[in-house]
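*Asks:* Hey, dropping work33.txt in here, compact mmCIF, C-alpha atoms:
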```
# COMPACT_ATOMS: atom_id res chain seq x y z
CA MET A 1 110.33 -69.16 -56.77
CA ARG A 2 107.34 -67.42 -58.32
CA ARG A 3 103.86 -68.74 -57.65
CA ALA A 4 102.16 -66.60 -60.27
CA LEU A 5 103.07 -64.49 -63.28
CA ALA A 6 100.96 -62.24 -65.49
CA LEU A 7 101.95 -61.34 -69.05
CA ALA A 8 100.10 -59.77 -71.95
CA GLY A 9 98.54 -62.39 -74.21
CA SER A 10 97.02 -62.44 -77.67
CA VAL A 11 93.30 -62.76 -78.22
CA GLY A 12 91.70 -65.72 -79.94
CA VAL A 13 92.26 -69.45 -80.26
CA THR A 14 95.63 -71.00 -81.04
CA LEU A 15 96.62 -74.61 -81.59
CA ALA A 16 99.84 -76.40 -80.83
CA VAL A 17 101.51 -78.18 -83.74
CA VAL A 18 101.35 -81.84 -82.81
CA ALA A 19 99.19 -84.20 -80.83
CA THR A 20 100.61 -86.06 -77.85
CA ALA A 21 100.31 -89.84 -78.08
CA PHE A 22 100.78 -92.41 -75.31
CA ALA A 23 100.09 -96.11 -75.09
CA PHE A 24 96.60 -95.42 -73.74
CA GLY A 25 95.49 -93.06 -76.52
CA THR A 26 96.04 -89.54 -77.82
CA PHE A 27 95.51 -86.03 -76.55
CA ASP A 28 94.53 -83.55 -79.22
CA PRO A 29 96.73 -80.47 -79.66
CA VAL A 30 96.13 -77.92 -76.93
CA ALA A 31 93.50 -75.33 -77.86
CA ASN A 32 94.00 -71.98 -76.12
CA TYR A 33 91.12 -69.61 -75.35
CA ALA A 34 91.62 -66.01 -74.26
CA VAL A 35 90.53 -65.11 -70.71
CA GLY A 36 91.53 -62.38 -68.26
CA ALA A 37 94.91 -61.67 -66.72
CA ASP A 38 96.63 -64.20 -64.45
CA GLY A 39 94.27 -67.17 -64.48
CA SER A 40 94.79 -69.08 -61.25
CA SER A 41 91.90 -71.54 -60.88
CA ILE A 42 89.49 -73.35 -63.18
CA ALA A 43 86.38 -75.52 -62.75
CA ALA A 44 83.98 -77.34 -65.08
CA ALA A 45 80.22 -77.90 -65.04
CA ASP A 46 77.20 -77.63 -67.33
CA PHE A 47 76.06 -74.01 -66.98
CA ASN A 48 73.32 -73.96 -69.65
CA GLY A 49 71.75 -77.42 -69.47
CA ASP A 50 72.87 -78.67 -72.89
CA GLY A 51 74.59 -81.75 -71.49
CA TYR A 52 78.13 -80.46 -72.09
CA ARG A 53 80.46 -79.09 -69.43
CA ASP A 54 81.48 -75.44 -69.57
CA LEU A 55 84.42 -73.72 -67.87
CA ALA A 56 84.88 -70.99 -65.25
CA ASN A 57 88.32 -69.41 -64.77
CA THR A 58 89.45 -66.83 -62.18
CA ASP A 59 91.28 -63.79 -63.58
CA ALA A 60 93.32 -62.68 -60.57
CA ASN A 61 94.71 -59.44 -62.03
CA ASP A 62 91.39 -58.34 -63.58
CA ASP A 63 89.16 -59.12 -60.58
CA THR A 64 86.82 -61.12 -62.78
CA VAL A 65 85.74 -64.67 -63.44
CA SER A 66 85.66 -65.76 -67.10
CA VAL A 67 82.98 -68.18 -68.31
CA LEU A 68 83.60 -70.22 -71.47
CA LEU A 69 80.54 -72.00 -72.84
CA ASN A 70 81.01 -75.31 -74.62
CA LYS A 71 79.78 -75.24 -78.22
CA GLY A 72 78.03 -78.49 -77.39
CA ALA A 73 76.60 -80.77 -80.05
CA ALA A 74 77.62 -78.37 -82.85
CA ASP A 75 81.34 -78.70 -82.01
CA PRO A 76 81.79 -80.59 -78.73
CA GLY A 77 84.80 -79.73 -76.63
CA LYS A 78 85.29 -76.37 -78.34
CA PHE A 79 84.36 -73.15 -76.56
CA ASP A 80 82.81 -69.79 -77.35
CA PRO A 81 84.64 -66.56 -76.47
CA ARG A 82 84.52 -65.68 -72.82
CA THR A 83 81.91 -63.75 -70.89
CA PHE A 84 83.30 -62.22 -67.72
CA TYR A 85 81.75 -61.21 -64.40
CA PRO A 86 83.18 -58.82 -61.80
CA VAL A 87 84.13 -60.39 -58.47
CA GLY A 88 86.42 -59.23 -55.64
CA ASP A 89 90.05 -58.19 -55.44
CA GLU A 90 92.46 -60.88 -56.67
CA PRO A 91 90.23 -63.95 -57.07
CA ARG A 92 92.35 -67.05 -56.46
CA ALA A 93 89.91 -69.98 -56.45
CA VAL A 94 86.61 -70.95 -58.04
CA ALA A 95 84.27 -73.82 -57.20
CA ILE A 96 80.86 -74.87 -58.50
CA GLY A 97 77.77 -76.03 -56.62
CA ASP A 98 73.98 -75.96 -56.75
CA PHE A 99 73.30 -73.76 -53.73
CA GLN A 100 69.61 -73.14 -54.43
CA ARG A 101 68.99 -76.79 -55.35
CA ASP A 102 67.33 -75.66 -58.57
CA ARG A 103 69.55 -77.84 -60.79
CA ARG A 104 71.45 -74.77 -61.95
CA ALA A 105 75.19 -74.46 -61.43
CA ASP A 106 76.32 -71.56 -59.22
CA LEU A 107 79.84 -70.16 -58.79
CA VAL A 108 81.73 -69.34 -55.62
CA VAL A 109 85.01 -67.41 -55.84
CA ALA A 110 87.63 -66.75 -53.13
CA ASN A 111 88.89 -63.14 -53.24
CA ARG A 112 92.31 -63.06 -51.62
CA MET A 113 92.72 -59.32 -51.01
CA ASP A 114 89.11 -58.65 -49.94
CA ASN A 115 88.98 -61.47 -47.37
CA ASN A 116 85.65 -62.58 -48.76
CA ILE A 117 83.94 -64.86 -51.26
CA SER A 118 81.73 -63.98 -54.20
CA ILE A 119 78.66 -66.11 -54.94
CA LEU A 120 77.25 -65.86 -58.46
CA ARG A 121 73.96 -67.64 -58.93
CA GLY A 122 73.41 -69.38 -62.23
CA LYS A 123 70.35 -68.60 -64.35
CA GLY A 124 70.54 -71.98 -66.09
CA ASP A 125 71.17 -70.46 -69.52
CA GLY A 126 74.93 -70.03 -69.16
CA THR A 127 74.72 -66.59 -67.54
CA PHE A 128 75.01 -65.56 -63.90
CA LEU A 129 73.52 -62.96 -61.58
CA PRO A 130 75.81 -60.27 -60.12
CA GLN A 131 77.92 -61.35 -57.16
CA VAL A 132 76.78 -61.52 -53.56
CA THR A 133 79.67 -61.46 -51.08
CA ARG A 134 80.27 -63.04 -47.69
CA ALA A 135 83.17 -62.31 -45.36
CA VAL A 136 85.57 -65.14 -44.51
CA GLY A 137 89.05 -65.22 -42.96
CA GLY A 138 92.22 -63.51 -44.10
CA SER A 139 93.60 -64.20 -47.59
CA PRO A 140 91.25 -67.00 -48.74
CA ARG A 141 93.01 -69.36 -51.15
CA GLY A 142 90.81 -72.42 -51.69
CA ILE A 143 87.23 -73.67 -51.48
CA ALA A 144 85.64 -77.06 -50.82
CA ILE A 145 81.93 -77.75 -51.23
CA ALA A 146 80.26 -80.60 -49.30
CA ASP A 147 77.27 -81.34 -47.09
CA PHE A 148 78.87 -81.08 -43.64
CA ASN A 149 75.68 -81.25 -41.55
CA GLY A 150 73.64 -83.86 -43.43
CA ASP A 151 70.71 -81.64 -44.40
CA GLY A 152 71.11 -82.22 -48.14
CA ARG A 153 72.29 -78.67 -48.81
CA PRO A 154 75.82 -77.85 -50.01
CA ASP A 155 78.02 -76.10 -47.46
CA LEU A 156 81.27 -74.19 -47.95
CA ALA A 157 84.73 -74.60 -46.45
CA VAL A 158 87.15 -71.78 -47.32
CA VAL A 159 90.83 -72.03 -46.42
CA ASN A 160 92.42 -68.77 -45.24
CA ALA A 161 96.20 -68.39 -45.52
CA ALA A 162 96.62 -65.25 -43.38
CA THR A 163 94.47 -66.33 -40.42
CA ASP A 164 95.48 -70.02 -40.40
CA ASN A 165 91.93 -71.31 -40.37
CA VAL A 166 89.05 -72.66 -42.42
CA SER A 167 85.79 -70.72 -42.61
CA ILE A 168 82.67 -72.91 -42.57
CA LEU A 169 79.43 -71.55 -44.02
CA LEU A 170 76.47 -73.92 -43.75
CA GLY A 171 73.93 -73.82 -46.56
CA LYS A 172 70.41 -72.57 -45.79
CA ARG A 173 67.17 -72.26 -47.75
CA HIS A 174 67.08 -70.28 -51.00
CA GLY A 175 70.83 -70.56 -51.48
CA LYS A 176 71.73 -68.49 -48.44
CA PHE A 177 74.40 -69.36 -45.88
CA GLY A 178 74.42 -69.30 -42.10
CA LYS A 179 76.71 -67.73 -39.55
CA LEU A 180 80.44 -67.96 -40.16
CA ARG A 181 82.38 -70.50 -38.10
CA ASN A 182 86.18 -70.73 -38.17
CA VAL A 183 88.15 -73.93 -37.59
CA LYS A 184 91.86 -73.69 -36.70
CA VAL A 185 94.35 -75.55 -38.90
CA GLY A 186 98.11 -75.07 -39.47
CA ASN A 187 100.26 -72.15 -40.60
CA ASN A 188 99.65 -70.59 -44.03
CA PRO A 189 97.09 -73.11 -45.35
CA ARG A 190 96.92 -73.03 -49.15
CA ALA A 191 94.31 -75.52 -50.32
CA ILE A 192 91.47 -77.72 -49.08
CA VAL A 193 89.53 -80.84 -50.07
CA ALA A 194 86.46 -82.48 -48.53
CA ALA A 195 85.86 -86.25 -48.29
CA ASP A 196 84.75 -88.93 -45.84
CA PHE A 197 88.21 -89.93 -44.64
CA ASP A 198 87.15 -92.10 -41.69
CA GLY A 199 84.23 -93.95 -43.29
CA ASP A 200 81.54 -92.73 -40.88
CA HIS A 201 79.40 -91.20 -43.65
CA GLN A 202 80.15 -87.68 -42.41
CA LYS A 203 82.13 -85.24 -44.54
CA ASP A 204 85.61 -84.30 -43.30
CA PHE A 205 88.19 -81.90 -44.74
CA ALA A 206 91.94 -81.79 -45.25
CA ALA A 207 93.92 -78.53 -45.55
CA VAL A 208 97.54 -78.30 -46.66
CA ASN A 209 99.71 -75.99 -44.53
CA ASP A 210 102.60 -74.49 -46.47
CA ASP A 211 104.71 -73.20 -43.55
CA ASP A 212 104.28 -76.38 -41.48
CA MET A 213 104.97 -78.76 -44.38
CA ASN A 214 101.96 -80.85 -43.38
CA VAL A 215 98.27 -81.52 -43.93
CA SER A 216 95.62 -81.04 -41.24
CA VAL A 217 92.77 -83.56 -41.42
CA LYS A 218 89.64 -82.53 -39.50
CA PHE A 219 86.86 -85.07 -38.97
CA GLY A 220 83.23 -84.01 -39.29
CA ARG A 221 80.75 -84.69 -36.50
CA GLY A 222 77.82 -84.53 -38.91
CA ASP A 223 76.44 -81.26 -37.52
CA GLY A 224 78.81 -78.84 -39.29
CA SER A 225 81.44 -78.97 -36.56
CA PHE A 226 84.77 -80.83 -36.59
CA GLU A 227 87.05 -82.69 -34.24
CA GLY A 228 90.60 -84.04 -34.20
CA ASN A 229 93.61 -82.71 -36.03
CA ARG A 230 95.49 -85.50 -37.77
CA LYS A 231 98.74 -84.02 -39.08
CA LEU A 232 100.44 -85.63 -42.08
CA GLY A 233 103.92 -84.62 -43.17
CA VAL A 234 104.42 -83.50 -46.78
CA GLY A 235 107.10 -81.56 -48.68
CA SER A 236 108.28 -77.98 -49.04
CA MET A 237 106.02 -75.20 -50.35
CA ALA A 238 102.95 -77.42 -50.55
CA ASN A 239 100.39 -75.56 -52.67
CA SER A 240 97.68 -78.01 -53.65
CA LEU A 241 96.13 -81.32 -52.64
CA THR A 242 93.63 -83.78 -54.02
CA ALA A 243 91.70 -86.71 -52.56
CA GLY A 244 90.97 -89.98 -54.38
CA ASP A 245 90.95 -93.73 -53.87
CA PHE A 246 94.42 -94.57 -55.19
CA ASN A 247 94.56 -98.23 -54.03
CA LYS A 248 90.89 -99.21 -54.56
CA ASP A 249 90.18 -100.01 -50.92
CA GLY A 250 87.17 -97.71 -50.71
CA LEU A 251 88.94 -95.04 -48.63
CA PRO A 252 89.99 -91.61 -49.95
CA ASP A 253 93.75 -91.09 -50.02
CA LEU A 254 95.66 -87.80 -50.35
CA ALA A 255 98.20 -86.42 -52.81
CA VAL A 256 99.99 -83.08 -52.32
CA ALA A 257 101.99 -80.98 -54.81
CA ASN A 258 105.23 -79.68 -53.26
CA SER A 259 106.53 -76.83 -55.41
CA GLY A 260 109.69 -76.41 -53.32
CA ASP A 261 110.71 -80.04 -53.79
CA ASN A 262 109.40 -80.56 -57.33
CA ASP A 263 107.51 -83.65 -56.27
CA VAL A 264 104.16 -85.04 -55.15
CA THR A 265 103.60 -86.66 -51.76
CA VAL A 266 101.07 -89.51 -51.52
CA ARG A 267 99.57 -90.53 -48.17
CA LEU A 268 97.42 -93.68 -48.28
CA ASN A 269 94.44 -93.91 -45.96
CA LYS A 270 94.66 -96.91 -43.60
CA GLY A 271 91.26 -96.44 -41.96
CA ASN A 272 90.44 -95.62 -38.33
CA ARG A 273 91.67 -92.06 -38.93
CA ARG A 274 95.18 -93.25 -39.72
CA PHE A 275 97.33 -92.71 -42.82
CA GLY A 276 100.40 -94.58 -44.00
CA GLY A 277 103.87 -93.14 -44.44
CA ARG A 278 104.64 -90.67 -47.19
CA THR A 279 105.75 -91.67 -50.66
CA ASP A 280 107.26 -88.92 -52.82
CA HIS A 281 107.08 -88.93 -56.61
CA PRO A 282 109.33 -86.56 -58.62
CA VAL A 283 107.53 -84.40 -61.17
CA GLY A 284 108.45 -81.22 -63.04
CA ALA A 285 109.66 -77.82 -61.82
CA ASN A 286 107.43 -75.79 -59.49
CA PRO A 287 104.26 -77.91 -59.46
CA LEU A 288 101.52 -75.50 -58.37
CA PHE A 289 98.42 -77.63 -58.76
CA LEU A 290 97.26 -81.22 -59.05
CA THR A 291 94.03 -83.14 -59.43
CA ASN A 292 93.10 -86.76 -60.13
CA GLY A 293 90.98 -88.92 -62.42
CA ASP A 294 91.09 -92.01 -64.60
CA VAL A 295 92.92 -90.65 -67.65
CA ASN A 296 93.51 -93.97 -69.39
CA ARG A 297 90.19 -95.60 -68.46
CA ASN A 298 91.64 -98.65 -66.77
CA GLY A 299 89.70 -98.27 -63.52
CA ARG A 300 92.65 -96.81 -61.57
CA THR A 301 93.06 -93.24 -60.36
CA ASP A 302 95.80 -91.18 -62.04
CA LEU A 303 97.41 -87.91 -60.92
CA ILE A 304 97.48 -84.81 -63.12
CA ILE A 305 100.09 -82.22 -62.10
CA GLY A 306 100.76 -78.75 -63.51
CA ASN A 307 104.46 -77.78 -63.55
CA PHE A 308 104.56 -73.98 -63.76
CA ASP A 309 108.26 -73.52 -64.56
CA ASP A 310 108.41 -76.39 -67.06
CA ASN A 311 105.31 -75.30 -68.99
CA ASP A 312 103.81 -78.76 -68.92
CA ILE A 313 101.52 -81.22 -67.20
CA THR A 314 102.81 -84.48 -65.77
CA LEU A 315 100.58 -87.57 -65.76
CA LEU A 316 101.38 -90.13 -63.08
CA LEU A 317 99.32 -93.15 -64.08
CA GLY A 318 97.88 -95.26 -61.29
CA ARG A 319 99.16 -98.77 -60.73
CA SER A 320 98.23 -101.44 -58.20
CA ARG A 321 98.36 -100.84 -54.42
CA GLY A 322 98.41 -97.06 -54.71
CA ARG A 323 101.59 -96.86 -56.76
CA PHE A 324 102.15 -94.63 -59.79
CA THR A 325 104.27 -94.61 -62.94
CA ALA A 326 107.56 -92.73 -62.72
CA HIS A 327 107.84 -89.19 -64.07
CA ASP A 328 110.60 -90.27 -66.48
CA ASP A 329 108.11 -92.44 -68.35
CA GLY A 330 107.57 -89.37 -70.52
CA LEU A 331 103.93 -88.69 -69.79
CA ASP A 332 104.07 -84.89 -70.14
CA LEU A 333 101.69 -82.54 -71.97
CA ALA A 334 102.87 -79.13 -73.19
CA VAL A 335 100.94 -76.11 -71.88
CA THR A 336 101.99 -72.64 -70.69
CA MET A 337 102.56 -71.78 -67.01
CA PRO A 338 99.78 -73.95 -65.54
CA GLU A 339 98.30 -72.66 -62.28
CA GLY A 340 94.98 -74.53 -62.09
CA ILE A 341 93.60 -77.74 -63.64
CA ALA A 342 90.13 -79.18 -64.15
CA ALA A 343 89.79 -82.80 -65.26
CA ALA A 344 86.37 -83.51 -66.77
CA GLU A 345 84.70 -85.04 -69.81
CA LEU A 346 84.24 -82.09 -72.18
CA ASN A 347 83.38 -83.47 -75.63
CA GLY A 348 80.92 -86.29 -74.99
CA ASP A 349 83.19 -89.26 -75.73
CA ALA A 350 83.53 -90.45 -72.09
CA GLY A 351 87.27 -89.71 -72.03
CA LEU A 352 88.73 -87.56 -69.26
CA ASP A 353 89.82 -84.24 -70.77
CA ILE A 354 92.00 -81.56 -69.18
CA ALA A 355 91.41 -77.80 -68.93
CA VAL A 356 94.24 -75.62 -67.65
CA ALA A 357 94.36 -72.10 -66.23
CA GLU A 358 97.46 -70.81 -68.02
CA GLY A 359 98.20 -67.86 -65.78
CA GLY A 360 101.27 -66.65 -67.63
CA ASN A 361 99.62 -66.13 -71.01
CA ASN A 362 96.08 -65.17 -69.97
CA LYS A 363 94.45 -68.17 -71.58
CA VAL A 364 92.68 -71.41 -70.83
CA GLY A 365 94.23 -74.44 -72.49
CA VAL A 366 92.03 -77.43 -73.35
CA LEU A 367 93.46 -80.89 -74.06
CA LEU A 368 90.91 -83.38 -75.38
CA ASN A 369 91.62 -87.02 -74.60
CA GLN A 370 90.90 -89.20 -77.63
CA PRO A 371 90.41 -92.99 -77.25
```
Take the structure I supplied and represent it as structure tokens, if you would.
*Replies:*
Amino acid sequence: MRRALALAGSVGVTLAVVATAFAFGTFDPVANYAVGADGSSIAAADFNGDGYRDLANTDANDDTVSVLLNKGAADPGKFDPRTFYPVGDEPRAVAIGDFQRDRRADLVVANRMDNNISILRGKGDGTFLPQVTRAVGGSPRGIAIADFNGDGRPDLAVVNAATDNVSILLGKRHGKFGKLRNVKVGNNPRAIVAADFDGDHQKDFAAVNDDDMNVSVKFGRGDGSFEGNRKLGVGSMANSLTAGDFNKDGLPDLAVANSGDNDVTVRLNKGNRRFGGRTDHPVGANPLFLTNGDVNRNGRTDLIIGNFDDNDITLLLGRSRGRFTAHDDGLDLAVTMPEGIAAAELNGDAGLDIAVAEGGNNKVGVLLNQP
């Protein structure tokens, strides 16, 4: 089963033929924007201070990151042609933080073949300074940003597939980072999220381990170090995970995309560093990525899953007590070979929109959620 595919793509913006309508509203036709080859990760934030979120997409085969600026008030939710910035060899993940605490969005990119990360500092006008690199572990695949030591500065946690660990870099003054620390997790970890899983007001992290078919949850001590290793069983070829409060009890739960089983595993947080048994939800073929958000604005968290082989996105809408609608309810959105997803409000109407890294056709697809 392929995890990535790069094909030549046309340049410009294309639109699908029809909108997709559900009981909760309508998604506009997908708008596709040209980026580099083999987009694998995407993130959204306001890069130029106009109040509208922009997009950053990793181009794994071009060793660049593409930036798409939102047209803003002139045409909200539409994007200008890309500007690209060189990064390392085979960038596989991008995340956004304010590392200098200057209210400007900065980029951090995980470069799989270089065993390092690229940090691109934002100028606040939608452009970025050239990359500064820091070494991490072997084959970095995912990034989480959180304040792990309580000093008010964003820190980095980078998951490394080849060395079976997570690299911790604590934020310092002027956007710099301290000495590298590595935390052992499971075999072939693929993705990472940060949250306060045990309710002690310290940031923890969870990493999904592909070869072990489980998730490692490490609990923060509040000084940048971690303890414990809660292991949670998931499915085959687990590639991605997301944390959210699925049952509205105030505790972050976990959902994992299992591309080998074509399903999503949900593990509800029971408190006291314990999680409930797994519940598996069928989705489409080869789900490579998932995220969460309130798509239908009913106050419940929904799951958004990209099915690479089916060329679509599955929406599992949240129900009471951490349950979700079934996949056969028909909540699918047509895209092309989705590898990464960002869920964010993009056009100023308060609805949760979806941006997709369409790795197979070298584009970013944007689906605007209309009320």
*Asks:* My list of candidates is A:Gly142, A:Ala357, A:Asn229, A:Asn369. Which is closest to Val65 of chain A when distances are computed with only C-alpha atoms?
*Replies:*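 Of A:Gly142, A:Ala357, A:Asn229, A:Asn369, the one nearest Val65 of chain A is A:Ala357, counting only C-alpha atoms.
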*Asks:* Identify which of the residues A:Pro252, A:Gly244, A:Gly175, A:Gly235 lies closest to Asp280 of chain A, counting only C-alpha atoms when measuring atom-to-atom distances.
*Replies:*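 Answer, going by the shortest atom-to-atom distance: A:Gly235.
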*Asks:* Any chance you could tabulate, as JSON lines, the residues of segment 280-362 of chain A at most 12 Å from segment 186-200 of chain A with each one's nearest atom pair and distance in Å to one decimal, using all atoms listed in the file, in chain and rising number order?
*Replies:*
```
{"residue": "A:Leu288", "atom": "CA", "partner": "A:Arg190", "partner_atom": "CA", "distance": 10.6}
{"residue": "A:Phe289", "atom": "CA", "partner": "A:Ala191", "partner_atom": "CA", "distance": 9.6}
{"residue": "A:Leu290", "atom": "CA", "partner": "A:Ala191", "partner_atom": "CA", "distance": 10.8}
{"residue": "A:Thr291", "atom": "CA", "partner": "A:Val193", "partner_atom": "CA", "distance": 10.6}
{"residue": "A:Gly340", "atom": "CA", "partner": "A:Ala191", "partner_atom": "CA", "distance": 11.8}
```
*Asks:* Do you have the atom CA of Asp46 of chain A-atom CA of Gly318 of chain A distance handy?
*Replies:*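 That distance, rounded to one decimal, is 27.8 Å.
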*Asks:* What does the distance from atom CA of Phe128 of chain A to atom CA of Val159 of chain A come to in Å, to one decimal?
*Replies:*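 Going from atom CA of Phe128 of chain A over to atom CA of Val159 of chain A, I get 24.4 Å.
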*Asks:* Nearest to Phe275 of chain A among A:Val215, A:Ala56, A:Val364, A:Ala334, with distances taken over all atoms listed in the file: which residue is it?
*Replies:* A:Val215
*Asks:* To one decimal place, how far is atom CA of Leu367 of chain A from atom CA of Asp89 of chain A in Å?
*Replies:*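 According to the coordinates, atom CA of Leu367 of chain A and atom CA of Asp89 of chain A are separated by 29.6 Å.
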*Asks:* Find the spatial neighbours of Asp106 of chain A, counting all atoms listed in the file, within a cut-off of 12 Å - ignore same-chain residues fewer than 2 positions away - and output them as a ChimeraX atom specification.
*Replies:* /A:43-48,56,67,94-104,108-109,118-132,145,154,175
*Asks:* Nearest to Arg173 of chain A among A:Arg92, A:Lys218, A:Arg153, A:His327, with distances taken over only C-alpha atoms: which residue is it?
*Replies:*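 So, comparing all the options, the nearest one is A:Arg153.
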*Asks:* From the options A:Leu241, A:Leu55, A:Leu180, A:Leu254, which residue's atoms come nearest to Phe84 of chain A, counting only C-alpha atoms?
*Replies:*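 Between A:Leu241, A:Leu55, A:Leu180, A:Leu254, the residue approaching Phe84 of chain A most closely is A:Leu55.
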*Asks:* Name the closest residue to Gly49 of chain A among the candidates A:Gly293, A:Thr26, A:Gly233, A:Gly72; distances are taken between atoms, counting all atoms listed in the file.
*Replies:*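 Checking each of A:Gly293, A:Thr26, A:Gly233, A:Gly72 against Gly49 of chain A, counting all atoms listed in the file, the winner is A:Gly72.
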*Asks:* Find the spatial neighbours of Asp223 of chain A, counting all atoms listed in the file, within a cut-off of 9 Å - ignore same-chain residues fewer than 3 positions away - and output them as a PyMOL selection string.
*Replies:* chain A and resi 148-151+202+220+226
*Asks:* Need to verify the contact set: Asp261 of chain A, 8 Å, only C-alpha atoms, exclusion of same-chain residues closer than 2 positions in sequence. Can you return it as a count of residues only?
*Replies:* 7
*Asks:* Need the shell around Val256 of chain A: protein/DNA/RNA residues with any atom at most 6 Å away, counting only C-alpha atoms. Skip same-chain ones fewer than 3 positions apart. Format as a ChimeraX atom specification?
*Replies:* /A:240-241,264-265
*Asks:* Compile the contact shell of Asn111 of chain A as a VMD selection string: residues with an atom at most 9 Å away, counting all atoms listed in the file, same-chain residues fewer than 6 positions apart removed.
*Replies:* chain A and resid 60 63 87 to 93 117 to 118 139 to 141
*Asks:* Would you mind exporting the chosen residues as an mmCIF file, in the frame of the given file, restricted to C-alpha atoms?
*Replies:*
```
data_model
loop_
_atom_site.group_PDB
_atom_site.id
_atom_site.type_symbol
_atom_site.label_atom_id
_atom_site.label_comp_id
_atom_site.auth_asym_id
_atom_site.auth_seq_id
_atom_site.Cartn_x
_atom_site.Cartn_y
_atom_site.Cartn_z
ATOM 1 C CA ALA A 60 93.320 -62.680 -60.570
ATOM 2 C CA ASP A 63 89.160 -59.120 -60.580
ATOM 3 C CA VAL A 87 84.130 -60.390 -58.470
ATOM 4 C CA GLY A 88 86.420 -59.230 -55.640
ATOM 5 C CA ASP A 89 90.050 -58.190 -55.440
ATOM 6 C CA GLU A 90 92.460 -60.880 -56.670
ATOM 7 C CA PRO A 91 90.230 -63.950 -57.070
ATOM 8 C CA ARG A 92 92.350 -67.050 -56.460
ATOM 9 C CA ALA A 93 89.910 -69.980 -56.450
ATOM 10 C CA ILE A 117 83.940 -64.860 -51.260
ATOM 11 C CA SER A 118 81.730 -63.980 -54.200
ATOM 12 C CA SER A 139 93.600 -64.200 -47.590
ATOM 13 C CA PRO A 140 91.250 -67.000 -48.740
ATOM 14 C CA ARG A 141 93.010 -69.360 -51.150
#
```
